[in-house]
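The data block below is entry20.txt; it holds compact mmCIF, C-alpha atoms.
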# COMPACT_ATOMS: atom_id res chain seq x y z
CA MET I 21 79.91 102.87 245.93
CA ALA I 22 80.28 99.23 246.91
CA THR I 23 80.71 98.19 243.30
CA GLU I 24 83.52 100.65 242.86
CA ASN I 25 85.35 99.02 245.74
CA ALA I 26 84.77 95.59 244.30
CA GLU I 27 86.45 96.80 241.12
CA HIS I 28 89.58 97.85 242.92
CA GLY I 29 89.54 95.15 245.57
CA GLY I 30 89.84 92.43 242.93
CA GLY I 31 92.81 90.62 244.49
CA GLY I 32 91.83 89.72 248.05
CA PHE I 33 90.46 92.64 250.08
CA ALA I 34 92.87 95.33 248.93
CA ILE I 35 90.26 98.08 249.25
CA ASP I 36 91.54 101.61 248.86
CA PRO I 37 89.13 104.05 250.52
CA MET I 38 91.23 107.01 249.33
CA HIS I 39 90.96 106.09 245.66
CA GLN I 40 87.80 108.23 245.35
CA PHE I 41 89.81 111.41 246.01
CA GLU I 42 92.20 110.86 243.11
CA ILE I 43 92.51 113.72 240.63
CA LYS I 44 92.31 112.57 237.01
CA THR I 45 93.20 114.80 234.07
CA LEU I 46 90.46 114.89 231.48
CA PHE I 47 91.79 117.53 229.04
CA PRO I 48 95.49 118.37 229.44
CA MET I 49 96.20 122.11 229.31
CA GLN I 50 99.48 123.90 229.87
CA PHE I 51 100.04 127.63 230.31
CA GLY I 52 103.80 128.17 230.48
CA ASN I 53 104.91 126.21 233.53
CA ILE I 54 101.42 126.06 235.01
CA ASP I 55 99.50 122.82 234.64
CA ALA I 56 95.94 124.08 234.16
CA SER I 57 94.46 120.80 232.98
CA PHE I 58 90.72 120.28 233.09
CA THR I 59 90.37 117.54 235.72
CA ASN I 60 87.49 115.58 237.21
CA SER I 61 87.57 118.16 240.01
CA SER I 62 87.10 120.99 237.49
CA LEU I 63 84.31 119.03 235.82
CA PHE I 64 82.35 118.70 239.06
CA MET I 65 82.89 122.38 239.91
CA VAL I 66 81.44 123.28 236.51
CA LEU I 67 78.56 120.83 237.07
CA ALA I 68 77.84 122.35 240.50
CA ALA I 69 77.88 125.92 239.19
CA ALA I 70 75.80 124.98 236.14
CA GLY I 71 73.36 123.06 238.34
CA VAL I 72 72.86 126.01 240.67
CA ILE I 73 72.44 128.48 237.80
CA GLY I 74 70.07 126.10 236.01
CA LEU I 75 67.98 125.58 239.14
CA MET I 76 67.75 129.31 239.80
CA LEU I 77 66.87 130.22 236.22
CA THR I 78 64.21 127.53 235.81
CA GLY I 79 62.91 128.30 239.31
CA ILE I 80 62.27 131.99 238.64
CA ASN I 81 61.19 131.40 235.05
CA ARG I 82 57.45 131.23 235.82
CA ARG I 83 57.31 133.75 238.73
CA ALA I 84 53.89 132.42 239.76
CA MET I 85 51.92 134.05 242.58
CA VAL I 86 51.61 130.63 244.18
CA PRO I 87 55.08 129.14 243.70
CA GLY I 88 55.60 125.66 242.32
CA ARG I 89 58.22 123.25 243.65
CA LEU I 90 61.25 124.73 241.89
CA GLN I 91 60.19 128.30 242.60
CA SER I 92 59.70 127.37 246.27
CA ILE I 93 63.24 126.01 246.44
CA VAL I 94 64.61 129.23 244.95
CA GLU I 95 62.50 131.45 247.23
CA MET I 96 63.35 129.44 250.34
CA SER I 97 67.08 129.56 249.62
CA TYR I 98 66.80 133.31 249.04
CA GLU I 99 64.99 133.85 252.34
CA PHE I 100 67.35 131.51 254.17
CA ILE I 101 70.47 133.45 253.20
CA ALA I 102 68.78 136.86 253.51
CA ASN I 103 67.65 136.02 257.06
CA MET I 104 71.10 134.65 257.89
CA LEU I 105 72.64 137.97 256.81
CA ARG I 106 70.02 140.03 258.69
CA ASP I 107 70.50 138.00 261.88
CA ASN I 108 74.28 137.94 261.85
CA VAL I 109 75.35 141.12 260.08
CA GLY I 110 72.27 143.35 260.22
CA THR I 111 70.58 145.06 257.29
CA ALA I 112 73.94 146.59 256.26
CA GLY I 113 75.04 143.05 255.44
CA LEU I 114 72.45 142.63 252.67
CA ARG I 115 74.96 144.29 250.33
CA PHE I 116 76.92 141.05 250.52
CA PHE I 117 73.92 138.86 249.76
CA PRO I 118 75.11 137.84 246.25
CA PHE I 119 78.49 136.83 247.64
CA VAL I 120 77.19 134.72 250.53
CA PHE I 121 74.41 133.23 248.40
CA THR I 122 76.86 132.16 245.69
CA LEU I 123 79.19 130.70 248.29
CA PHE I 124 76.46 128.74 250.07
CA THR I 125 74.78 127.34 246.98
CA PHE I 126 78.09 126.42 245.33
CA ILE I 127 79.39 124.54 248.38
CA LEU I 128 76.03 122.87 248.94
CA ALA I 129 75.87 121.79 245.29
CA CYS I 130 79.46 120.44 245.43
CA ASN I 131 78.74 118.52 248.64
CA LEU I 132 75.47 117.06 247.40
CA LEU I 133 76.90 116.14 243.98
CA GLY I 134 79.58 114.25 245.87
CA MET I 135 76.90 112.08 247.48
CA ILE I 136 76.05 110.54 244.09
CA PRO I 137 77.94 107.23 243.66
CA TYR I 138 80.86 107.38 241.21
CA SER I 139 80.97 111.17 241.44
CA PHE I 140 83.85 113.27 242.71
CA THR I 141 83.57 115.47 245.81
CA VAL I 142 85.27 118.78 245.10
CA THR I 143 85.18 119.94 248.72
CA SER I 144 87.10 116.86 249.92
CA HIS I 145 90.31 118.56 248.75
CA ILE I 146 91.88 121.00 251.17
CA ILE I 147 93.21 123.22 248.38
CA VAL I 148 89.67 123.92 247.13
CA THR I 149 88.27 124.79 250.55
CA PHE I 150 91.42 126.71 251.46
CA ALA I 151 91.19 128.80 248.29
CA LEU I 152 87.57 129.66 249.15
CA ALA I 153 88.42 130.48 252.77
CA PHE I 154 91.55 132.44 251.87
CA PHE I 155 89.71 134.70 249.44
CA ILE I 156 87.03 135.32 252.07
CA PHE I 157 89.78 136.16 254.57
CA ILE I 158 91.50 138.59 252.18
CA GLY I 159 88.21 140.17 251.14
CA VAL I 160 87.00 140.61 254.71
CA THR I 161 90.33 142.13 255.76
CA ILE I 162 90.25 144.60 252.85
CA LEU I 163 86.62 145.41 253.74
CA GLY I 164 87.61 146.06 257.36
CA PHE I 165 90.36 148.47 256.35
CA ALA I 166 88.11 150.12 253.76
CA VAL I 167 85.37 150.76 256.33
CA HIS I 168 87.46 151.66 259.38
CA GLY I 169 90.76 152.76 257.85
CA VAL I 170 93.78 152.19 260.08
CA GLY I 171 91.33 152.01 262.98
CA TYR I 172 90.68 148.40 261.98
CA MET I 173 93.97 147.61 263.75
CA LYS I 174 92.13 148.29 267.02
CA PHE I 175 90.47 144.95 266.34
CA PHE I 176 93.64 143.36 267.72
CA VAL I 177 93.57 145.41 270.93
CA PRO I 178 90.75 144.25 273.21
CA HIS I 179 89.10 146.74 275.56
CA GLY I 180 90.21 147.00 279.17
CA VAL I 181 93.55 145.24 278.88
CA PRO I 182 96.38 146.74 280.99
CA VAL I 183 99.20 148.23 278.92
CA TYR I 184 101.86 145.85 280.25
CA LEU I 185 99.83 142.88 278.97
CA LEU I 186 99.52 144.24 275.42
CA PRO I 187 102.80 142.70 274.13
CA LEU I 188 101.30 139.31 275.01
CA VAL I 189 97.66 139.91 274.07
CA VAL I 190 98.20 141.57 270.67
CA PRO I 191 100.22 138.65 269.15
CA ILE I 192 97.59 136.23 270.47
CA GLU I 193 94.82 138.27 268.84
CA VAL I 194 96.76 138.51 265.57
CA VAL I 195 97.38 134.76 265.48
CA SER I 196 93.74 134.19 266.39
CA TYR I 197 92.76 136.35 263.40
CA LEU I 198 95.15 134.48 261.11
CA THR I 199 93.67 131.09 262.07
CA ARG I 200 90.35 132.00 260.42
CA PRO I 201 91.09 130.75 256.91
CA ILE I 202 92.69 127.58 258.34
CA SER I 203 89.84 126.62 260.65
CA LEU I 204 87.24 127.55 258.05
CA SER I 205 88.80 125.44 255.31
CA VAL I 206 89.91 122.51 257.50
CA ARG I 207 86.41 122.15 258.98
CA LEU I 208 84.72 121.75 255.60
CA PHE I 209 87.43 119.60 254.06
CA ALA I 210 87.88 117.28 257.08
CA ASN I 211 84.14 116.71 257.55
CA ILE I 212 83.58 115.82 253.91
CA MET I 213 86.74 113.74 253.49
CA ALA I 214 86.27 111.81 256.74
CA GLY I 215 82.64 111.09 255.93
CA HIS I 216 83.36 109.81 252.45
CA THR I 217 86.29 107.70 253.67
CA VAL I 218 84.10 106.11 256.36
CA LEU I 219 81.48 105.31 253.72
CA LYS I 220 84.10 103.54 251.58
CA VAL I 221 85.51 101.63 254.55
CA PHE I 222 82.05 100.36 255.47
CA ALA I 223 81.44 99.47 251.83
CA GLY I 224 84.60 97.39 252.06
CA PHE I 225 83.21 95.63 255.15
CA VAL I 226 80.12 94.66 253.18
CA ILE I 227 82.27 92.71 250.74
CA ALA I 228 84.71 91.36 253.32
CA LEU I 229 82.01 90.14 255.71
CA GLY I 230 79.62 89.20 252.93
CA ALA I 231 82.08 86.42 252.05
CA PHE I 232 81.01 84.69 255.30
CA GLY I 233 77.34 84.67 254.41
CA PHE I 234 74.32 86.88 254.07
CA ALA I 235 73.82 87.88 257.74
CA PRO I 236 77.34 89.25 258.45
CA GLY I 237 77.24 91.20 255.19
CA ILE I 238 73.90 92.90 255.81
CA VAL I 239 75.01 94.55 259.08
CA PRO I 240 77.61 96.91 257.58
CA LEU I 241 75.20 97.54 254.72
CA LEU I 242 72.57 98.77 257.20
CA PHE I 243 75.23 100.96 258.80
CA MET I 244 76.01 102.37 255.37
CA VAL I 245 72.38 103.30 254.78
CA GLY I 246 72.39 105.23 258.07
CA LEU I 247 75.76 106.81 257.36
CA THR I 248 74.63 107.93 253.91
CA GLY I 249 71.75 109.78 255.54
CA LEU I 250 74.15 111.32 258.03
CA GLU I 251 76.46 112.37 255.20
CA VAL I 252 73.63 114.20 253.43
CA LEU I 253 73.03 116.06 256.70
CA VAL I 254 76.75 116.85 257.02
CA ALA I 255 76.86 118.06 253.40
CA ALA I 256 74.08 120.58 254.07
CA LEU I 257 75.31 121.49 257.56
CA GLN I 258 78.87 122.22 256.46
CA ALA I 259 77.68 124.48 253.65
CA TYR I 260 75.55 126.28 256.26
CA VAL I 261 78.45 126.56 258.72
CA PHE I 262 80.73 127.94 256.00
CA ALA I 263 78.14 130.56 255.06
CA ILE I 264 77.33 131.56 258.64
CA LEU I 265 81.02 131.96 259.56
CA THR I 266 81.45 134.15 256.49
CA CYS I 267 78.57 136.25 257.86
CA ILE I 268 80.23 136.46 261.28
CA TYR I 269 83.53 137.57 259.71
CA LEU I 270 81.67 140.16 257.62
CA ASN I 271 79.99 141.41 260.79
CA ASP I 272 83.37 141.72 262.55
CA ALA I 273 84.76 143.68 259.60
CA LEU I 274 81.75 146.00 259.39
CA HIS I 275 81.02 146.58 263.08
CA MET I 276 84.22 145.46 264.90
CA HIS I 277 82.23 143.63 267.64
CA MET B 16 24.90 144.28 250.03
CA ALA B 17 26.05 142.38 253.07
CA ASP B 18 28.56 145.07 253.95
CA PRO B 19 26.91 148.34 255.00
CA GLU B 20 30.04 150.36 254.21
CA ASP B 21 30.02 149.13 250.62
CA GLY B 22 26.53 150.42 250.02
CA LYS B 23 27.21 153.86 251.41
CA SER B 24 30.10 154.81 249.14
CA PRO B 25 29.12 155.11 245.51
CA ASP B 26 30.53 158.69 245.30
CA THR B 27 34.17 159.37 244.40
CA SER B 28 35.17 160.90 247.74
CA GLY B 29 34.18 157.70 249.56
CA ALA B 30 36.20 155.56 247.13
CA GLU B 31 39.15 157.88 247.57
CA LYS B 32 38.86 157.58 251.33
CA GLY B 33 38.71 153.80 251.07
CA ARG B 34 41.83 153.71 248.92
CA ASN B 35 43.68 155.94 251.39
CA SER B 36 42.75 153.74 254.33
CA ASP B 37 43.80 150.71 252.26
CA LEU B 38 47.15 152.38 251.65
CA ALA B 39 47.57 153.22 255.33
CA ASP B 40 46.62 149.67 256.23
CA PHE B 41 49.15 148.35 253.72
CA GLY B 42 51.83 150.67 255.15
CA ALA B 43 51.12 149.42 258.65
CA ARG B 44 51.28 145.78 257.57
CA LEU B 45 54.50 146.40 255.63
CA ARG B 46 56.11 148.06 258.66
CA LYS B 47 55.01 145.18 260.89
CA THR B 48 56.49 142.62 258.50
CA GLN B 49 59.74 144.57 258.26
CA GLN B 50 59.94 144.80 262.05
CA ALA B 51 59.37 141.06 262.30
CA HIS B 52 62.21 140.52 259.86
CA LEU B 53 64.56 142.84 261.72
CA LYS B 54 64.45 141.11 265.09
CA PRO B 55 66.83 138.17 265.35
CA ALA B 56 64.68 135.06 265.51
CA SER B 57 65.67 132.05 263.44
CA GLY B 58 67.96 129.39 264.86
CA GLY B 59 71.49 130.37 263.98
CA GLY B 60 74.65 128.30 264.37
CA ARG B 61 73.36 125.56 266.63
CA GLY B 62 73.80 122.41 264.60
CA THR B 63 74.35 118.97 266.00
CA ALA B 64 76.47 118.12 269.01
CA MET B 65 79.03 116.51 266.72
CA GLY B 66 79.13 119.64 264.59
CA ILE B 67 79.80 121.79 267.65
CA ALA B 68 82.53 119.44 268.90
CA PHE B 69 84.15 119.42 265.48
CA ARG B 70 83.99 123.20 265.25
CA LEU B 71 85.74 123.62 268.62
CA VAL B 72 88.42 121.05 267.79
CA THR B 73 89.31 122.70 264.47
CA GLU B 74 89.54 126.10 266.20
CA LEU B 75 92.05 124.72 268.72
CA VAL B 76 94.12 122.78 266.18
CA ALA B 77 94.17 125.68 263.72
CA GLY B 78 95.48 128.00 266.46
CA VAL B 79 98.38 125.71 267.34
CA PHE B 80 99.09 125.01 263.67
CA VAL B 81 99.16 128.67 262.60
CA GLY B 82 101.29 129.66 265.61
CA ALA B 83 103.82 126.94 264.95
CA ALA B 84 103.89 127.77 261.23
CA ILE B 85 104.56 131.46 261.90
CA GLY B 86 107.35 130.53 264.34
CA TRP B 87 108.88 128.09 261.89
CA VAL B 88 108.86 130.60 259.02
CA LEU B 89 110.36 133.35 261.21
CA ASP B 90 113.07 130.92 262.39
CA SER B 91 114.10 129.80 258.93
CA TRP B 92 114.05 133.45 257.79
CA LEU B 93 116.13 134.84 260.68
CA GLY B 94 118.14 131.69 261.46
CA THR B 95 117.16 131.63 265.12
CA ARG B 96 115.87 128.07 265.37
CA PRO B 97 114.20 127.03 267.69
CA TRP B 98 113.29 130.19 269.59
CA PHE B 99 110.50 131.72 267.50
CA LEU B 100 108.98 128.27 267.01
CA LEU B 101 108.86 127.79 270.78
CA VAL B 102 107.38 131.23 271.47
CA PHE B 103 104.81 131.17 268.68
CA PHE B 104 103.78 127.60 269.48
CA PHE B 105 102.53 128.80 272.85
CA ILE B 106 101.04 132.01 271.41
CA GLY B 107 99.25 129.83 268.87
CA ALA B 108 97.97 127.53 271.60
CA ALA B 109 96.68 130.56 273.52
CA ALA B 110 95.01 131.89 270.35
CA GLY B 111 93.43 128.48 269.80
CA ILE B 112 92.02 128.40 273.32
CA LEU B 113 90.77 131.97 272.86
CA ASN B 114 89.05 130.93 269.63
CA VAL B 115 87.44 127.93 271.34
CA TYR B 116 86.20 130.19 274.14
CA ARG B 117 84.73 132.69 271.66
CA ALA B 118 83.13 129.99 269.53
CA ALA B 119 81.62 128.32 272.59
CA ARG B 120 80.27 131.63 273.85
CA GLN B 121 78.76 132.39 270.45
CA ILE B 122 77.13 128.94 270.26
CA ALA B 123 75.75 129.35 273.78
CA ALA B 124 74.44 132.83 272.96
CA SER B 125 72.63 131.65 269.82
CA ALA B 126 71.19 128.65 271.69
CA GLU B 127 69.91 130.98 274.42
CA ARG B 128 68.50 133.35 271.79
CA ASP B 129 66.65 130.43 270.22
CA ALA B 130 65.24 129.29 273.55
CA GLY B 131 64.01 132.79 274.41
CA GLY B 132 63.20 134.04 270.91
CA ASP B 133 60.91 131.60 269.14
CA GLN B 134 58.96 129.23 271.27
CA GLN B 135 56.55 128.34 268.51
CA GLY B 136 59.11 127.71 265.82
Can the structure from this file be put into structure tokens for me?
Amino acid sequence: MATENAEHGGGGFAIDPMHQFEIKTLFPMQFGNIDASFTNSSLFMVLAAAGVIGLMLTGINRRAMVPGRLQSIVEMSYEFIANMLRDNVGTAGLRFFPFVFTLFTFILACNLLGMIPYSFTVTSHIIVTFALAFFIFIGVTILGFAVHGVGYMKFFVPHGVPVYLLPLVVPIEVVSYLTRPISLSVRLFANIMAGHTVLKVFAGFVIALGAFGFAPGIVPLLFMVGLTGLEVLVAALQAYVFAILTCIYLNDALHMH
Amino acid sequence: MADPEDGKSPDTSGAEKGRNSDLADFGARLRKTQQAHLKPASGGGRGTAMGIAFRLVTELVAGVFVGAAIGWVLDSWLGTRPWFLLVFFFIGAAAGILNVYRAARQIAASAERDAGGDQQG
């Protein structure tokens, strides 16, 4: 990552920590007025999906009684998501296992791929995370109405509220419901983007302070080593948070608290 | 011939009996495992302190943002600027605080569940 900064900080210390988030068109494509070009973002989405599918298929290829390393990874991720659904939604939630599992592994793969130097982090773009969150929101709302019918509207009317307070409470509940896709997408995007920007800024410090000698340059480098570890944690944690909030929303739609 | 039971059952009825008890034993173990899986145990939604702080902040900001956005859209649609923006800004802020309260309660509940649920884990 430091070398990338050196490339772009050629004249003086003009380091651009946001350069890593730039979208580059790889294969231009145009459908009518829609620019559907295959970009570096699309490439890393394909890589993430292909990586997950490849890992799963090679992992379950042997189906040994005593699992090997790859099979253990596959089995552990299966149990992890299955337990998450059982804990948060109940056994009725296991119907949505494929959905939550796909979501979790895709986001985790995107986040971890982004930790490789010179790669592109798909989830650092709000439009990607918002699209994911918005489809979850729409799907969960449809599920709620499919399960409870019009009764799902009672979700916006809390128990034990006096009638004269309802004109105030119901709009608050509706707005609270509508914030779900925003908070879900902003959390993932902001964590990933902030983390990667901080990494680039510290990488810039290595070069800037390294000009004064070895000792001042090594300090930000040590910080970067620690921050990289933290970023790997954040990458996994944010995929987990995204999946668990999806479970909580599914639970609300199925059981209405 | 270390096991006395093994020596006593060369006839078919004994083998049948053994298989049945094996099956019952298996059923009991299966039920036990399923029960263990059904009770909420594993640590859910705790995360790091920074993660919790970030979660609460986004809930609050998203509430204000969505409220203000709804107000702004209604205003530009009905031409009543700035009244809906003002009203929905405060409704959004209230929704944000409500979300923070709910998220905090959920985090506290799962932390408590972890503390009481699995001591060995």
Using all atoms listed in the file, tabulate the residues of chain B lying at most 7 Å from any atom of chain I, each with its closest atom pair and that distance in Å to one decimal, by chain and increasing residue number, as JSON lines.
{"residue": "B:Leu53", "atom": "CA", "partner": "I:Arg106", "partner_atom": "CA", "distance": 6.8}
{"residue": "B:Pro55", "atom": "CA", "partner": "I:Asp107", "partner_atom": "CA", "distance": 5.1}
{"residue": "B:Arg70", "atom": "CA", "partner": "I:Arg207", "partner_atom": "CA", "distance": 6.8}
{"residue": "B:Thr73", "atom": "CA", "partner": "I:Ser203", "partner_atom": "CA", "distance": 5.5}
{"residue": "B:Glu74", "atom": "CA", "partner": "I:Ser203", "partner_atom": "CA", "distance": 5.6}
{"residue": "B:Ala77", "atom": "CA", "partner": "I:Ser203", "partner_atom": "CA", "distance": 5.4}
{"residue": "B:Gly78", "atom": "CA", "partner": "I:Thr199", "partner_atom": "CA", "distance": 5.7}
{"residue": "B:Val81", "atom": "CA", "partner": "I:Thr199", "partner_atom": "CA", "distance": 6.0}
{"residue": "B:Gly82", "atom": "CA", "partner": "I:Val195", "partner_atom": "CA", "distance": 6.4}
{"residue": "B:Ile106", "atom": "CA", "partner": "I:Ile192", "partner_atom": "CA", "distance": 5.5}
{"residue": "B:Gly107", "atom": "CA", "partner": "I:Val195", "partner_atom": "CA", "distance": 6.3}
{"residue": "B:Ala109", "atom": "CA", "partner": "I:Ile192", "partner_atom": "CA", "distance": 6.5}
{"residue": "B:Ala110", "atom": "CA", "partner": "I:Ser196", "partner_atom": "CA", "distance": 4.8}
{"residue": "B:Gly111", "atom": "CA", "partner": "I:Ser196", "partner_atom": "CA", "distance": 6.7}
{"residue": "B:Asn114", "atom": "CA", "partner": "I:Ser196", "partner_atom": "CA", "distance": 6.6}
Which centre and which edge lengths, in Å to one decimal, describe the axis-aligned box that holds all listed atoms of range 94-113 of chain B after 8 Å is added on each side, as lines of an AutoDock Vina configuration file?
center_x = 104.5
center_y = 129.5
center_z = 267.5
size_x = 43.4
size_y = 21.0
size_z = 28.1
Inset, instruction - Have a look at CA of Arg115 in chain I and CA of Ile156 in chain I and let me know their distance in Å, one decimal. - result: 15.1 Å
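Taking CA of Phe119 in chain I as the reference point, CA of Ile146 in chain I is found at 21.0 Å.
Here CA of Leu152 in chain I is placed at a distance of 22.8 Å from CA of Ala68 in chain B.
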Could I get range 184-212 of chain I rebuilt with N, CA and C atoms, written as a CSV table (one decimal), in the frame of the given file?
chain,number,residue,atom,x,y,z
I,184,TYR,N,100.7,146.8,280.2
I,184,TYR,CA,101.9,145.8,280.2
I,184,TYR,C,101.5,144.5,279.7
I,185,LEU,N,100.2,144.2,279.5
I,185,LEU,CA,99.8,142.9,279.0
I,185,LEU,C,99.7,142.9,277.4
I,186,LEU,N,99.7,144.1,276.9
I,186,LEU,CA,99.5,144.2,275.4
I,186,LEU,C,100.5,143.5,274.6
I,187,PRO,N,101.9,143.5,274.9
I,187,PRO,CA,102.8,142.7,274.1
I,187,PRO,C,102.4,141.2,274.1
I,188,LEU,N,101.7,140.7,275.0
I,188,LEU,CA,101.3,139.3,275.0
I,188,LEU,C,100.0,139.1,274.3
I,189,VAL,N,99.0,140.1,274.6
I,189,VAL,CA,97.7,139.9,274.1
I,189,VAL,C,97.6,140.2,272.6
I,190,VAL,N,98.3,141.2,272.1
I,190,VAL,CA,98.2,141.6,270.7
I,190,VAL,C,98.7,140.4,269.8
I,191,PRO,N,99.9,139.8,270.0
I,191,PRO,CA,100.2,138.6,269.2
I,191,PRO,C,99.2,137.5,269.2
I,192,ILE,N,98.6,137.3,270.4
I,192,ILE,CA,97.6,136.2,270.5
I,192,ILE,C,96.4,136.6,269.6
I,193,GLU,N,96.0,137.8,269.7
I,193,GLU,CA,94.8,138.3,268.8
I,193,GLU,C,95.1,138.2,267.4
I,194,VAL,N,96.4,138.6,267.0
I,194,VAL,CA,96.8,138.5,265.6
I,194,VAL,C,96.8,137.1,265.1
I,195,VAL,N,97.4,136.2,265.9
I,195,VAL,CA,97.4,134.8,265.5
I,195,VAL,C,96.0,134.2,265.4
I,196,SER,N,95.1,134.6,266.4
I,196,SER,CA,93.7,134.2,266.4
I,196,SER,C,93.0,134.6,265.1
I,197,TYR,N,93.4,135.8,264.6
I,197,TYR,CA,92.8,136.4,263.4
I,197,TYR,C,93.3,135.5,262.2
I,198,LEU,N,94.6,135.2,262.2
I,198,LEU,CA,95.2,134.5,261.1
I,198,LEU,C,94.7,133.0,261.0
I,199,THR,N,94.1,132.5,262.1
I,199,THR,CA,93.7,131.1,262.1
I,199,THR,C,92.4,131.0,261.3
I,200,ARG,N,91.7,132.1,261.0
I,200,ARG,CA,90.4,132.0,260.4
I,200,ARG,C,90.3,131.2,259.1
I,201,PRO,N,91.2,131.5,258.1
I,201,PRO,CA,91.1,130.8,256.9
I,201,PRO,C,91.4,129.3,257.1
I,202,ILE,N,92.3,129.0,258.1
I,202,ILE,CA,92.7,127.6,258.3
I,202,ILE,C,91.5,126.8,258.9
I,203,SER,N,90.9,127.4,260.0
I,203,SER,CA,89.8,126.6,260.6
I,203,SER,C,88.6,126.5,259.7
I,204,LEU,N,88.4,127.6,259.0
I,204,LEU,CA,87.2,127.6,258.0
I,204,LEU,C,87.4,126.5,257.0
I,205,SER,N,88.6,126.4,256.4
I,205,SER,CA,88.8,125.4,255.3
I,205,SER,C,88.9,124.0,255.8
I,206,VAL,N,89.7,123.9,257.0
I,206,VAL,CA,89.9,122.5,257.5
I,206,VAL,C,88.6,121.9,257.9
I,207,ARG,N,87.7,122.7,258.5
I,207,ARG,CA,86.4,122.2,259.0
I,207,ARG,C,85.6,121.5,257.8
I,208,LEU,N,85.5,122.3,256.7
I,208,LEU,CA,84.7,121.8,255.6
I,208,LEU,C,85.4,120.5,255.0
I,209,PHE,N,86.7,120.7,254.7
I,209,PHE,CA,87.4,119.6,254.1
I,209,PHE,C,87.4,118.3,254.9
I,210,ALA,N,87.7,118.5,256.2
I,210,ALA,CA,87.9,117.3,257.1
I,210,ALA,C,86.5,116.6,257.2
I,211,ASN,N,85.5,117.3,257.4
I,211,ASN,CA,84.1,116.7,257.6
I,211,ASN,C,83.8,115.9,256.3
I,212,ILE,N,84.0,116.5,255.1
I,212,ILE,CA,83.6,115.8,253.9
I,212,ILE,C,84.5,114.6,253.6
